[in-house]
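Engineer: What follows is upload24.cif; its format and atoms are mmCIF, C-alpha atoms, pLDDT in the B column; chains and numbers go by the auth columns.
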data_model
#
loop_
_atom_site.group_PDB
_atom_site.id
_atom_site.type_symbol
_atom_site.label_atom_id
_atom_site.label_comp_id
_atom_site.label_asym_id
_atom_site.label_seq_id
_atom_site.Cartn_x
_atom_site.Cartn_y
_atom_site.Cartn_z
_atom_site.B_iso_or_equiv
_atom_site.auth_seq_id
_atom_site.auth_asym_id
ATOM 1 C CA MET A 1 44.054 114.699 80.194 46.00 7 M
ATOM 2 C CA HIS A 2 47.443 113.116 80.706 47.00 8 M
ATOM 3 C CA LYS A 3 48.585 111.785 84.027 50.00 9 M
ATOM 4 C CA GLU A 4 51.768 113.363 85.345 49.00 10 M
ATOM 5 C CA THR A 5 53.688 110.191 84.460 46.00 11 M
ATOM 6 C CA ASP A 6 52.185 110.037 80.950 64.00 12 M
ATOM 7 C CA MET A 7 53.916 113.100 79.547 74.00 13 M
ATOM 8 C CA ALA A 8 52.795 113.829 76.013 83.00 14 M
ATOM 9 C CA SER A 9 55.394 113.731 73.271 93.00 15 M
ATOM 10 C CA SER A 10 56.594 117.029 71.880 93.00 16 M
ATOM 11 C CA ASN A 11 55.036 116.144 68.500 93.00 17 M
ATOM 12 C CA LEU A 12 51.634 115.625 70.111 94.00 18 M
ATOM 13 C CA LEU A 13 51.974 118.912 71.989 93.00 19 M
ATOM 14 C CA TRP A 14 52.881 120.728 68.743 92.00 20 M
ATOM 15 C CA ASP A 15 49.751 119.278 67.147 94.00 21 M
ATOM 16 C CA ARG A 16 47.597 120.318 70.081 94.00 22 M
ATOM 17 C CA LEU A 17 49.075 123.835 70.046 93.00 23 M
ATOM 18 C CA GLY A 18 48.412 124.086 66.319 93.00 24 M
ATOM 19 C CA ASP A 19 44.775 123.163 66.880 95.00 25 M
ATOM 20 C CA LEU A 20 44.193 126.015 69.344 95.00 26 M
ATOM 21 C CA GLU A 21 42.228 129.093 68.438 93.00 27 M
ATOM 22 C CA GLU A 22 44.020 132.429 68.910 89.00 28 M
ATOM 23 C CA ASP A 23 42.178 133.244 72.135 92.00 29 M
ATOM 24 C CA GLU A 24 42.912 129.750 73.468 96.00 30 M
ATOM 25 C CA SER A 25 46.630 130.276 72.796 93.00 31 M
ATOM 26 C CA PHE A 26 46.476 133.437 74.879 94.00 32 M
ATOM 27 C CA HIS A 27 44.837 131.504 77.731 96.00 33 M
ATOM 28 C CA VAL A 28 47.506 128.783 77.595 96.00 34 M
ATOM 29 C CA MET A 29 50.291 131.377 77.753 95.00 35 M
ATOM 30 C CA THR A 30 48.553 133.213 80.587 96.00 36 M
ATOM 31 C CA ARG A 31 48.139 129.969 82.533 97.00 37 M
ATOM 32 C CA LEU A 32 51.796 129.022 82.106 97.00 38 M
ATOM 33 C CA PHE A 33 52.875 132.508 83.160 97.00 39 M
ATOM 34 C CA ALA A 34 50.690 132.352 86.286 98.00 40 M
ATOM 35 C CA LEU A 35 51.910 128.855 87.186 98.00 41 M
ATOM 36 C CA TYR A 36 55.568 129.818 87.037 98.00 42 M
ATOM 37 C CA GLU A 37 54.897 133.122 88.777 98.00 43 M
ATOM 38 C CA GLU A 38 53.323 131.196 91.674 98.00 44 M
ATOM 39 C CA ILE A 39 56.328 128.873 91.815 98.00 45 M
ATOM 40 C CA LEU A 40 58.689 131.863 92.045 97.00 46 M
ATOM 41 C CA GLU A 41 56.559 133.454 94.748 98.00 47 M
ATOM 42 C CA ARG A 42 56.943 130.294 96.842 98.00 48 M
ATOM 43 C CA ASP A 43 60.620 129.789 95.966 98.00 49 M
ATOM 44 C CA SER A 44 62.473 132.691 94.351 97.00 50 M
ATOM 45 C CA ASP A 45 65.453 130.412 93.651 98.00 51 M
ATOM 46 C CA ASN A 46 63.460 127.858 91.640 98.00 52 M
ATOM 47 C CA ARG A 47 65.617 127.227 88.578 98.00 53 M
ATOM 48 C CA GLU A 48 62.815 125.812 86.446 98.00 54 M
ATOM 49 C CA ALA A 49 60.708 128.944 86.886 98.00 55 M
ATOM 50 C CA GLN A 50 63.714 131.176 86.316 98.00 56 M
ATOM 51 C CA HIS A 51 64.462 129.300 83.080 98.00 57 M
ATOM 52 C CA PHE A 52 60.850 129.682 81.987 98.00 58 M
ATOM 53 C CA PHE A 53 60.944 133.464 82.411 98.00 59 M
ATOM 54 C CA ASN A 54 64.378 133.730 80.766 98.00 60 M
ATOM 55 C CA ASN A 55 63.158 131.675 77.814 97.00 61 M
ATOM 56 C CA LEU A 56 59.956 133.711 77.633 96.00 62 M
ATOM 57 C CA GLU A 57 61.948 136.938 77.568 97.00 63 M
ATOM 58 C CA ASN A 58 64.184 135.546 74.806 97.00 64 M
ATOM 59 C CA ALA A 59 61.152 134.457 72.774 95.00 65 M
ATOM 60 C CA LEU A 60 59.507 137.866 73.154 94.00 66 M
ATOM 61 C CA ASP A 61 62.730 139.622 72.121 94.00 67 M
ATOM 62 C CA TYR A 62 63.052 137.302 69.109 94.00 68 M
ATOM 63 C CA CYS A 63 59.465 138.007 68.010 91.00 69 M
ATOM 64 C CA ARG A 64 59.960 141.739 68.491 91.00 70 M
ATOM 65 C CA GLN A 65 63.107 141.651 66.344 91.00 71 M
ATOM 66 C CA CYS A 66 61.353 139.640 63.632 87.00 72 M
ATOM 67 C CA ASN A 67 58.497 142.163 63.585 79.00 73 M
ATOM 68 C CA LEU A 68 60.945 145.079 63.344 76.00 74 M
ATOM 69 C CA ASN A 69 62.823 143.401 60.483 78.00 75 M
ATOM 70 C CA ARG A 70 59.581 142.950 58.522 76.00 76 M
ATOM 71 C CA ARG A 71 58.882 146.706 58.563 68.00 77 M
#
Let me see the file written as structure tokens.
Structural biologist:
Amino acid sequence: MHKETDMASSNLLWDRLGDLEEDESFHVMTRLFALYEEILERDSDNREAQHFFNNLENALDYCRQCNLNRR
């Protein structure tokens, strides 16, 4: 596990994400969602959490559009 000050590089994180099983990916997403939800519950003006949920919504919309275009 990385210390807070030893942030992993984005390339390493991509590799680690790629190594996850499908159910593990779901758990990672669920954990991130819960973390940012807790942050917003404590501070509804937290910009980082707001950005996370905005980016998540954009990613979900993008995936939905890609799926619709494939049909």
Engineer: What separation in Å, quoted to one decimal, exists between atom CA of M:Arg70 and atom CA of M:Leu18?
Structural biologist: 27.5 Å
Engineer: What's the separation between atom CA of M:Val34 and atom CA of M:Leu19, in Å to one decimal place?
Structural biologist: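 If I compute the distance from atom CA of M:Val34 to atom CA of M:Leu19, I get 12.2 Å.
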Engineer: Could you jot down the atom CA of M:Glu63 to atom CA of M:Phe39 separation for me, Å, one decimal place?
Structural biologist: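 Going from atom CA of M:Glu63 over to atom CA of M:Phe39 covers 11.5 Å.
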Engineer: Box time for stretch 10-29 of chain M: axis-aligned, enclosing all its listed atoms, 5 Å extra on each side; report centre and edge lengths in Å to one decimal, as AutoDock Vina command-line options.
Structural biologist:
--center_x 49.4 --center_y 121.6 --center_z 75.8 --size_x 24.4 --size_y 33.2 --size_z 29.0
Engineer: Taking all atoms listed in the file into account, which of M:Arg48, M:Leu62, M:Ser15, M:Ala55 comes nearest M:Met35?
Structural biologist: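 Using all atoms listed in the file, M:Met35 sits closest to M:Leu62.
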Engineer: Which residues are near M:Phe59? Cut-off 12 Å, only C-alpha atoms, ignore same chain within fewer than 3 positions. Put them as a PyMOL selection string.
Structural biologist: chain M and resi 35+38-43+45-46+52-56+62-66
